[in-house]
$ cat model-v4.cif   # mmCIF, C-alpha atoms and all ligand atoms
data_start
#
loop_
_atom_site.label_atom_id
_atom_site.label_comp_id
_atom_site.auth_asym_id
_atom_site.auth_seq_id
_atom_site.Cartn_x
_atom_site.Cartn_y
_atom_site.Cartn_z
CA MET O 1125 2.96 20.66 -2.75
CA ASN O 1126 2.12 22.25 0.58
CA PRO O 1127 2.26 19.63 3.39
CA ARG O 1128 0.04 21.79 5.59
CA ILE O 1129 -2.86 21.47 3.12
CA ILE O 1130 -2.54 17.67 3.25
CA GLU O 1131 -2.20 17.65 7.05
CA SER O 1132 -5.26 19.80 7.42
CA ALA O 1133 -7.36 17.70 4.97
CA ILE O 1134 -6.51 14.32 6.53
CA THR O 1135 -7.91 15.35 9.92
CA ALA O 1136 -11.28 14.27 8.45
CA TYR O 1137 -10.13 10.61 8.43
CA PRO O 1138 -9.27 8.06 11.15
CA ILE O 1139 -5.56 8.05 10.29
CA CYS O 1140 -3.40 6.81 13.18
CA ASP O 1141 -0.03 8.11 12.07
CA TYR O 1142 1.64 9.63 9.02
CA ALA O 1143 4.94 10.93 7.70
CA PHE O 1144 6.24 12.68 4.60
CA ILE O 1145 9.19 10.68 3.29
CA GLU O 1146 12.05 10.98 0.82
CA ILE O 1147 11.92 8.49 -2.05
CA GLY O 1148 15.59 7.67 -1.42
CA ASP O 1149 14.70 6.49 2.10
CA ILE O 1150 12.37 3.71 0.90
CA PRO O 1151 14.02 0.34 1.74
CA PHE O 1152 13.62 -1.91 -1.32
CA LYS O 1153 14.72 -5.45 -0.45
CA GLU O 1154 14.99 -8.60 -2.53
CA GLU O 1155 14.38 -10.47 0.75
CA VAL O 1156 10.86 -9.04 0.94
CA ARG O 1157 10.18 -10.29 -2.57
CA TYR O 1158 11.57 -13.69 -1.58
CA ILE O 1159 9.03 -13.87 1.26
CA CYS O 1160 6.23 -13.00 -1.20
CA LYS O 1161 7.38 -15.79 -3.47
CA THR O 1162 7.91 -18.47 -0.85
CA GLU O 1163 5.36 -17.67 1.87
CA CYS O 1164 2.46 -15.65 0.50
CA GLN O 1165 -0.54 -17.44 -0.93
CA ARG O 1166 -1.32 -14.36 -3.10
CA TYR O 1167 1.93 -14.55 -5.08
CA GLY O 1168 1.08 -14.93 -8.77
CA LYS O 1169 -2.65 -14.54 -8.09
CA SER O 1170 -3.23 -10.78 -8.48
CA TRP O 1171 -2.34 -7.85 -10.71
CA SER O 1172 -1.39 -6.01 -7.50
CA CYS O 1173 1.34 -8.49 -6.56
CA PRO O 1174 4.48 -10.02 -8.04
CA PRO O 1175 5.29 -11.15 -10.59
CA ALA O 1176 2.68 -8.88 -12.25
CA VAL O 1177 4.20 -5.70 -10.74
CA GLY O 1178 7.64 -6.42 -12.22
CA THR O 1179 11.01 -6.97 -10.60
CA VAL O 1180 12.04 -5.13 -7.42
CA GLU O 1181 14.39 -2.99 -9.55
CA GLU O 1182 11.54 -2.09 -11.91
CA CYS O 1183 9.39 -1.18 -8.90
CA ARG O 1184 12.19 0.94 -7.46
CA SER O 1185 12.71 2.89 -10.68
CA ARG O 1186 8.95 3.44 -11.02
CA CYS O 1187 8.98 4.95 -7.51
CA GLU O 1188 12.09 7.02 -8.17
CA ALA O 1189 10.19 8.94 -10.84
CA TYR O 1190 8.27 10.68 -8.01
CA GLU O 1191 9.30 13.64 -5.82
CA GLY O 1192 8.23 12.46 -2.42
CA GLY O 1193 5.98 10.14 -0.46
CA PHE O 1194 3.26 10.29 2.16
CA LEU O 1195 3.08 7.20 4.38
CA PHE O 1196 0.07 6.73 6.65
CA THR O 1197 -1.65 4.08 8.75
CA THR O 1198 -5.08 3.04 9.96
CA MET O 1199 -5.88 0.25 12.38
CA THR O 1200 -8.54 -2.50 12.28
CA GLU O 1201 -9.58 -5.34 14.56
CA VAL O 1202 -9.80 -8.64 12.64
CA PRO O 1203 -11.43 -11.93 13.67
CA ASP O 1204 -8.27 -14.00 13.18
CA ILE O 1205 -4.89 -12.49 12.38
CA GLU O 1206 -3.68 -15.85 10.95
CA ASP O 1207 -6.44 -15.96 8.32
CA LEU O 1208 -5.09 -13.91 5.38
CA GLU O 1209 -8.25 -14.06 3.24
CA GLY O 1210 -10.45 -13.11 6.21
CA MET O 1211 -8.04 -10.33 7.14
CA LEU O 1212 -8.08 -8.92 3.60
CA ALA O 1213 -11.86 -8.80 3.69
CA THR O 1214 -11.71 -6.33 6.60
CA ARG O 1215 -9.44 -3.94 4.76
CA LYS O 1216 -12.11 -2.16 2.69
CA THR O 1217 -12.31 0.83 5.02
CA HIS O 1218 -8.55 1.40 4.80
CA GLU O 1219 -8.69 1.19 1.03
CA GLU O 1220 -11.55 3.68 0.88
CA ILE O 1221 -9.61 6.10 3.12
CA THR O 1222 -6.59 5.59 0.85
CA ARG O 1223 -8.70 6.54 -2.18
CA GLN O 1224 -9.92 9.67 -0.45
CA VAL O 1225 -6.41 10.69 0.69
CA ARG O 1226 -5.20 10.08 -2.87
CA ASP O 1227 -7.92 12.44 -4.10
CA ILE O 1228 -6.58 15.18 -1.79
CA PHE O 1229 -3.23 14.97 -3.60
CA VAL O 1230 -4.91 14.85 -7.00
CA LYS O 1231 -6.93 17.96 -6.09
CA GLU O 1232 -3.60 19.67 -5.42
CA ASP O 1233 -2.64 18.88 -9.04
CA MET O 1234 -0.22 16.13 -8.06
CA GLU O 1235 0.34 12.99 -10.11
CA VAL O 1236 0.36 9.99 -7.80
CA LEU O 1237 1.32 6.36 -7.53
CA VAL O 1238 -0.51 4.70 -4.64
CA LEU O 1239 0.73 1.55 -2.91
CA SER O 1240 -1.15 -0.17 -0.13
CA THR O 1241 -0.70 -2.99 2.31
CA GLU O 1242 -1.22 -6.56 1.13
CA SER O 1243 -2.87 -7.80 -2.01
CA CYS O 1244 -5.80 -6.18 -3.83
CA ALA O 1245 -9.10 -7.66 -2.66
CA ILE O 1246 -11.59 -5.66 -4.73
CA CYS O 1247 -12.87 -8.61 -6.79
CA GLU O 1248 -13.81 -11.95 -5.36
CA ASN O 1249 -11.80 -13.57 -8.14
CA CYS O 1250 -8.92 -11.63 -9.66
CA THR O 1251 -8.69 -11.74 -13.46
CA TYR O 1252 -4.93 -12.34 -13.25
CA PRO O 1253 -3.40 -13.56 -15.54
CA ASP O 1254 -6.13 -14.23 -18.09
CA ALA O 1255 -7.61 -10.75 -18.58
CA PRO O 1256 -6.72 -7.15 -17.69
CA CYS O 1257 -7.44 -5.80 -14.21
CA ARG O 1258 -11.13 -4.85 -13.93
CA PHE O 1259 -10.47 -1.67 -11.90
CA PRO O 1260 -6.99 -0.31 -12.68
CA ASP O 1261 -7.93 3.10 -11.22
CA LYS O 1262 -9.07 1.60 -7.93
CA MET O 1263 -6.48 -1.13 -7.55
CA PHE O 1264 -3.42 -0.28 -5.43
CA PRO O 1265 -0.34 -2.46 -5.86
CA SER O 1266 1.05 -4.03 -2.72
CA LEU O 1267 3.81 -2.22 -0.81
CA GLU O 1268 5.35 -5.55 0.13
CA GLY O 1269 4.97 -6.78 -3.45
CA TYR O 1270 7.10 -3.81 -4.56
CA GLY O 1271 9.85 -5.22 -2.31
CA ILE O 1272 9.42 -2.50 0.32
CA LEU O 1273 10.29 -3.38 3.91
CA VAL O 1274 7.25 -1.59 5.34
CA THR O 1275 8.10 -2.08 9.01
CA GLY O 1276 11.62 -0.76 8.36
CA LEU O 1277 10.23 2.31 6.61
CA ALA O 1278 7.76 2.88 9.47
CA GLU O 1279 10.55 2.64 12.06
CA GLN O 1280 12.68 5.08 10.10
CA CYS O 1281 9.79 7.56 10.16
CA GLY O 1282 8.85 7.00 13.79
CA ILE O 1283 5.49 5.49 12.83
CA THR O 1284 4.18 3.02 15.38
CA PHE O 1285 2.42 -0.18 14.28
CA MET O 1286 0.87 -3.21 15.88
CA ASN O 1287 0.05 -6.63 14.41
CA GLU O 1288 -0.99 -8.63 17.46
CA ASN O 1289 -4.06 -9.43 19.57
CA ASN O 1290 -6.02 -9.42 16.27
CA LEU O 1291 -5.24 -5.74 15.73
CA VAL O 1292 -3.81 -4.99 12.30
CA THR O 1293 -2.06 -1.83 11.18
CA TRP O 1294 -2.71 -1.07 7.52
CA PHE O 1295 -0.22 1.09 5.62
CA SER O 1296 -0.54 3.11 2.44
CA LEU O 1297 2.10 5.10 0.62
CA ILE O 1298 1.17 7.87 -1.78
CA LEU O 1299 4.03 8.89 -4.07
CA TYR O 1300 3.53 12.29 -5.62
CA ARG O 1301 5.10 14.63 -8.17
S1 LIG O 1401 -9.25 -4.92 -9.08
FE1 LIG O 1401 -9.90 -7.05 -9.34
S2 LIG O 1401 -8.84 -7.66 -11.23
FE2 LIG O 1401 -7.77 -5.83 -10.49
S3 LIG O 1401 -6.09 -6.59 -9.18
FE3 LIG O 1401 -7.85 -6.20 -7.84
S4 LIG O 1401 -8.87 -8.19 -7.67
FE4 LIG O 1401 -7.52 -8.29 -9.49
#

$ encode --input "model-v4.cif" --output "structure tokens" --more "lines below"
Ligand code: SF4
Amino acid sequence: MNPRIIESAITAYPICDYAFIEIGDIPFKEEVRYICKTECQRYGKSWSCPPAVGTVEECRSRCEAYEGGFLFTTMTEVPDIEDLEGMLATRKTHEEITRQVRDIFVKEDMEVLVLSTESCAICENCTYPDAPCRFPDKMFPSLEGYGILVTGLAEQCGITFMNENNLVTWFSLILYR
């Protein structure tokens, strides 16, 4: 995979920051999963989140099957940063950009696993756990749900982020091989 092709192609999108990362540098933490379980209202409500995505160890080994990663951010202004459901509703643009960046990798003949910030919000009511996901090709599992300390990863890569004054930084991670 030629990083220059990716760097050139992403200039078409409003991406704030990006970095190519080593899979071994991804910080998987049980503590992140604990926060999902104890503090997030989406826990156990989506195919994109735990427990549906498996244990943190299962998530780690799924990721370790890939050669490298491409982490990138976009930024959105939200009406109220404390309102999770309202915040998720504003994330469609980031998810669409993520799909298009994924397609750049696919066009380069790469197999990908795409993770994105927060819980999937494609359907108004998720089918979990009663029926299979309606859009498995469009749904991106949650980075945090995989147990990844996203802010730690961003700091390691020198990626700046802001979650204040109703400005939200959305992250996506494309793993490729
Ligand atoms: S695409 Fe729909 S069914 Fe699948 S995880 Fe997202 S909300 Fe749930």

$ closest_residue --input "model-v4.cif" --among "O:Gly1193, O:Gly1168, O:Gly1271, O:Gly1210" --to "ligand LIG 1401 (chain O)" --atoms "all atoms listed in the file"
O:Gly1168

$ closest_atom_pairs --input "model-v4.cif" --of "chain O" --to "ligand LIG 1401 (chain O)" --cutoff "7 Å" --atoms "all atoms listed in the file" --output "Markdown table"
| residue | atom | partner | partner_atom | distance |
| --- | --- | --- | --- | --- |
| O:Ser1170 | CA | O:LIG1401 | FE4 | 5.1 |
| O:Trp1171 | CA | O:LIG1401 | S3 | 4.2 |
| O:Ser1172 | CA | O:LIG1401 | S3 | 5.0 |
| O:Cys1244 | CA | O:LIG1401 | FE3 | 4.5 |
| O:Ala1245 | CA | O:LIG1401 | S4 | 5.0 |
| O:Ile1246 | CA | O:LIG1401 | S4 | 4.7 |
| O:Cys1247 | CA | O:LIG1401 | S4 | 4.1 |
| O:Glu1248 | CA | O:LIG1401 | S4 | 6.6 |
| O:Asn1249 | CA | O:LIG1401 | S4 | 6.1 |
| O:Cys1250 | CA | O:LIG1401 | FE4 | 3.6 |
| O:Thr1251 | CA | O:LIG1401 | S2 | 4.7 |
| O:Tyr1252 | CA | O:LIG1401 | FE4 | 6.1 |
| O:Pro1256 | CA | O:LIG1401 | S2 | 6.8 |
| O:Cys1257 | CA | O:LIG1401 | FE2 | 3.7 |
| O:Arg1258 | CA | O:LIG1401 | S2 | 4.5 |
| O:Phe1259 | CA | O:LIG1401 | S1 | 4.5 |
| O:Pro1260 | CA | O:LIG1401 | FE2 | 6.0 |
| O:Lys1262 | CA | O:LIG1401 | S1 | 6.6 |
| O:Met1263 | CA | O:LIG1401 | S1 | 4.9 |

$ closest_atom_pairs --input "model-v4.cif" --of "region 1204-1291 of chain O" --to "region 1136-1160 of chain O" --cutoff "12 Å" --atoms "all atoms listed in the file" --output "JSON lines"
{"residue": "O:Thr1217", "atom": "CA", "partner": "O:Pro1138", "partner_atom": "CA", "distance": 10.0}
{"residue": "O:His1218", "atom": "CA", "partner": "O:Ile1139", "partner_atom": "CA", "distance": 9.1}
{"residue": "O:Glu1219", "atom": "CA", "partner": "O:Ile1139", "partner_atom": "CA", "distance": 11.9}
{"residue": "O:Glu1220", "atom": "CA", "partner": "O:Tyr1137", "partner_atom": "CA", "distance": 10.3}
{"residue": "O:Ile1221", "atom": "CA", "partner": "O:Tyr1137", "partner_atom": "CA", "distance": 7.0}
{"residue": "O:Thr1222", "atom": "CA", "partner": "O:Tyr1137", "partner_atom": "CA", "distance": 9.8}
{"residue": "O:Arg1223", "atom": "CA", "partner": "O:Tyr1137", "partner_atom": "CA", "distance": 11.5}
{"residue": "O:Gln1224", "atom": "CA", "partner": "O:Tyr1137", "partner_atom": "CA", "distance": 8.9}
{"residue": "O:Val1225", "atom": "CA", "partner": "O:Tyr1137", "partner_atom": "CA", "distance": 8.6}
{"residue": "O:Ile1228", "atom": "CA", "partner": "O:Ala1136", "partner_atom": "CA", "distance": 11.3}
{"residue": "O:Glu1242", "atom": "CA", "partner": "O:Cys1160", "partner_atom": "CA", "distance": 10.1}
{"residue": "O:Ser1243", "atom": "CA", "partner": "O:Cys1160", "partner_atom": "CA", "distance": 10.5}
{"residue": "O:Ser1266", "atom": "CA", "partner": "O:Cys1160", "partner_atom": "CA", "distance": 10.5}
{"residue": "O:Leu1267", "atom": "CA", "partner": "O:Phe1152", "partner_atom": "CA", "distance": 9.8}
{"residue": "O:Glu1268", "atom": "CA", "partner": "O:Val1156", "partner_atom": "CA", "distance": 6.6}
{"residue": "O:Gly1269", "atom": "CA", "partner": "O:Arg1157", "partner_atom": "CA", "distance": 6.3}
{"residue": "O:Tyr1270", "atom": "CA", "partner": "O:Arg1157", "partner_atom": "CA", "distance": 7.4}
{"residue": "O:Gly1271", "atom": "CA", "partner": "O:Arg1157", "partner_atom": "CA", "distance": 5.1}
{"residue": "O:Ile1272", "atom": "CA", "partner": "O:Phe1152", "partner_atom": "CA", "distance": 4.5}
{"residue": "O:Leu1273", "atom": "CA", "partner": "O:Pro1151", "partner_atom": "CA", "distance": 5.7}
{"residue": "O:Val1274", "atom": "CA", "partner": "O:Pro1151", "partner_atom": "CA", "distance": 7.9}
{"residue": "O:Thr1275", "atom": "CA", "partner": "O:Pro1151", "partner_atom": "CA", "distance": 9.7}
{"residue": "O:Gly1276", "atom": "CA", "partner": "O:Pro1151", "partner_atom": "CA", "distance": 7.1}
{"residue": "O:Leu1277", "atom": "CA", "partner": "O:Ile1150", "partner_atom": "CA", "distance": 6.3}
{"residue": "O:Ala1278", "atom": "CA", "partner": "O:Ala1143", "partner_atom": "CA", "distance": 8.7}
{"residue": "O:Glu1279", "atom": "CA", "partner": "O:Ala1143", "partner_atom": "CA", "distance": 10.9}
{"residue": "O:Gln1280", "atom": "CA", "partner": "O:Asp1149", "partner_atom": "CA", "distance": 8.4}
{"residue": "O:Cys1281", "atom": "CA", "partner": "O:Ala1143", "partner_atom": "CA", "distance": 6.4}
{"residue": "O:Gly1282", "atom": "CA", "partner": "O:Ala1143", "partner_atom": "CA", "distance": 8.2}
{"residue": "O:Ile1283", "atom": "CA", "partner": "O:Asp1141", "partner_atom": "CA", "distance": 6.2}
{"residue": "O:Thr1284", "atom": "CA", "partner": "O:Asp1141", "partner_atom": "CA", "distance": 7.4}
{"residue": "O:Phe1285", "atom": "CA", "partner": "O:Asp1141", "partner_atom": "CA", "distance": 8.9}
{"residue": "O:Met1286", "atom": "CA", "partner": "O:Cys1140", "partner_atom": "CA", "distance": 11.2}

$ write_last_selection --input "model-v4.cif" --atoms "C-alpha atoms" --output "CSV table (one decimal), in the coordinates of the input"
chain,number,residue,atom,x,y,z
O,1217,THR,CA,-12.3,0.8,5.0
O,1218,HIS,CA,-8.6,1.4,4.8
O,1219,GLU,CA,-8.7,1.2,1.0
O,1220,GLU,CA,-11.6,3.7,0.9
O,1221,ILE,CA,-9.6,6.1,3.1
O,1222,THR,CA,-6.6,5.6,0.8
O,1223,ARG,CA,-8.7,6.5,-2.2
O,1224,GLN,CA,-9.9,9.7,-0.4
O,1225,VAL,CA,-6.4,10.7,0.7
O,1228,ILE,CA,-6.6,15.2,-1.8
O,1242,GLU,CA,-1.2,-6.6,1.1
O,1243,SER,CA,-2.9,-7.8,-2.0
O,1266,SER,CA,1.0,-4.0,-2.7
O,1267,LEU,CA,3.8,-2.2,-0.8
O,1268,GLU,CA,5.4,-5.6,0.1
O,1269,GLY,CA,5.0,-6.8,-3.4
O,1270,TYR,CA,7.1,-3.8,-4.6
O,1271,GLY,CA,9.8,-5.2,-2.3
O,1272,ILE,CA,9.4,-2.5,0.3
O,1273,LEU,CA,10.3,-3.4,3.9
O,1274,VAL,CA,7.2,-1.6,5.3
O,1275,THR,CA,8.1,-2.1,9.0
O,1276,GLY,CA,11.6,-0.8,8.4
O,1277,LEU,CA,10.2,2.3,6.6
O,1278,ALA,CA,7.8,2.9,9.5
O,1279,GLU,CA,10.6,2.6,12.1
O,1280,GLN,CA,12.7,5.1,10.1
O,1281,CYS,CA,9.8,7.6,10.2
O,1282,GLY,CA,8.8,7.0,13.8
O,1283,ILE,CA,5.5,5.5,12.8
O,1284,THR,CA,4.2,3.0,15.4
O,1285,PHE,CA,2.4,-0.2,14.3
O,1286,MET,CA,0.9,-3.2,15.9

$ closest_residue --input "model-v4.cif" --among "O:Ala1255, O:Val1180, O:Ala1213, O:Met1125" --to "Glu1235 (chain O)" --atoms "all atoms listed in the file"
O:Met1125

$ build_atoms --input "model-v4.cif" --residues "region 1246-1262 of chain O" --atoms "N, CA and C atoms" --output "PDB file, in the coordinates of the input"
ATOM      1  N   ILE O1246     -10.349  -6.275  -4.220  1.00  0.00           N
ATOM      2  CA  ILE O1246     -11.590  -5.660  -4.730  1.00  0.00           C
ATOM      3  C   ILE O1246     -12.540  -6.715  -5.303  1.00  0.00           C
ATOM      4  N   CYS O1247     -12.002  -7.594  -6.158  1.00  0.00           N
ATOM      5  CA  CYS O1247     -12.870  -8.610  -6.790  1.00  0.00           C
ATOM      6  C   CYS O1247     -12.761  -9.920  -6.017  1.00  0.00           C
ATOM      7  N   GLU O1248     -13.845 -10.644  -6.021  1.00  0.00           N
ATOM      8  CA  GLU O1248     -13.810 -11.950  -5.360  1.00  0.00           C
ATOM      9  C   GLU O1248     -12.782 -12.860  -6.037  1.00  0.00           C
ATOM     10  N   ASN O1249     -12.778 -12.804  -7.377  1.00  0.00           N
ATOM     11  CA  ASN O1249     -11.800 -13.570  -8.140  1.00  0.00           C
ATOM     12  C   ASN O1249     -11.038 -12.627  -9.060  1.00  0.00           C
ATOM     13  N   CYS O1250      -9.751 -12.511  -8.823  1.00  0.00           N
ATOM     14  CA  CYS O1250      -8.920 -11.630  -9.660  1.00  0.00           C
ATOM     15  C   CYS O1250      -8.844 -12.189 -11.077  1.00  0.00           C
ATOM     16  N   THR O1251      -8.773 -11.301 -12.054  1.00  0.00           N
ATOM     17  CA  THR O1251      -8.690 -11.740 -13.460  1.00  0.00           C
ATOM     18  C   THR O1251      -7.291 -12.227 -13.822  1.00  0.00           C
ATOM     19  N   TYR O1252      -6.314 -11.978 -12.943  1.00  0.00           N
ATOM     20  CA  TYR O1252      -4.930 -12.340 -13.250  1.00  0.00           C
ATOM     21  C   TYR O1252      -4.789 -13.845 -13.474  1.00  0.00           C
ATOM     22  N   PRO O1253      -4.078 -14.316 -14.469  1.00  0.00           N
ATOM     23  CA  PRO O1253      -3.400 -13.560 -15.540  1.00  0.00           C
ATOM     24  C   PRO O1253      -4.158 -13.564 -16.857  1.00  0.00           C
ATOM     25  N   ASP O1254      -5.422 -13.966 -16.831  1.00  0.00           N
ATOM     26  CA  ASP O1254      -6.130 -14.230 -18.090  1.00  0.00           C
ATOM     27  C   ASP O1254      -6.720 -13.008 -18.774  1.00  0.00           C
ATOM     28  N   ALA O1255      -6.987 -11.947 -17.995  1.00  0.00           N
ATOM     29  CA  ALA O1255      -7.610 -10.750 -18.580  1.00  0.00           C
ATOM     30  C   ALA O1255      -7.104  -9.547 -17.800  1.00  0.00           C
ATOM     31  N   PRO O1256      -7.210  -8.346 -18.398  1.00  0.00           N
ATOM     32  CA  PRO O1256      -6.720  -7.150 -17.690  1.00  0.00           C
ATOM     33  C   PRO O1256      -7.470  -6.920 -16.382  1.00  0.00           C
ATOM     34  N   CYS O1257      -6.823  -6.174 -15.490  1.00  0.00           N
ATOM     35  CA  CYS O1257      -7.440  -5.800 -14.210  1.00  0.00           C
ATOM     36  C   CYS O1257      -8.772  -5.087 -14.480  1.00  0.00           C
ATOM     37  N   ARG O1258      -9.799  -5.447 -13.717  1.00  0.00           N
ATOM     38  CA  ARG O1258     -11.130  -4.850 -13.930  1.00  0.00           C
ATOM     39  C   ARG O1258     -11.180  -3.386 -13.497  1.00  0.00           C
ATOM     40  N   PHE O1259     -10.385  -3.032 -12.477  1.00  0.00           N
ATOM     41  CA  PHE O1259     -10.470  -1.670 -11.900  1.00  0.00           C
ATOM     42  C   PHE O1259      -9.073  -1.069 -11.722  1.00  0.00           C
ATOM     43  N   PRO O1260      -8.370  -0.810 -12.825  1.00  0.00           N
ATOM     44  CA  PRO O1260      -6.990  -0.310 -12.680  1.00  0.00           C
ATOM     45  C   PRO O1260      -6.911   1.018 -11.918  1.00  0.00           C
ATOM     46  N   ASP O1261      -7.974   1.816 -11.943  1.00  0.00           N
ATOM     47  CA  ASP O1261      -7.930   3.100 -11.220  1.00  0.00           C
ATOM     48  C   ASP O1261      -8.186   2.949  -9.728  1.00  0.00           C
ATOM     49  N   LYS O1262      -8.760   1.822  -9.355  1.00  0.00           N
ATOM     50  CA  LYS O1262      -9.070   1.600  -7.930  1.00  0.00           C
ATOM     51  C   LYS O1262      -8.054   0.684  -7.271  1.00  0.00           C
TER      52      LYS O1262
END
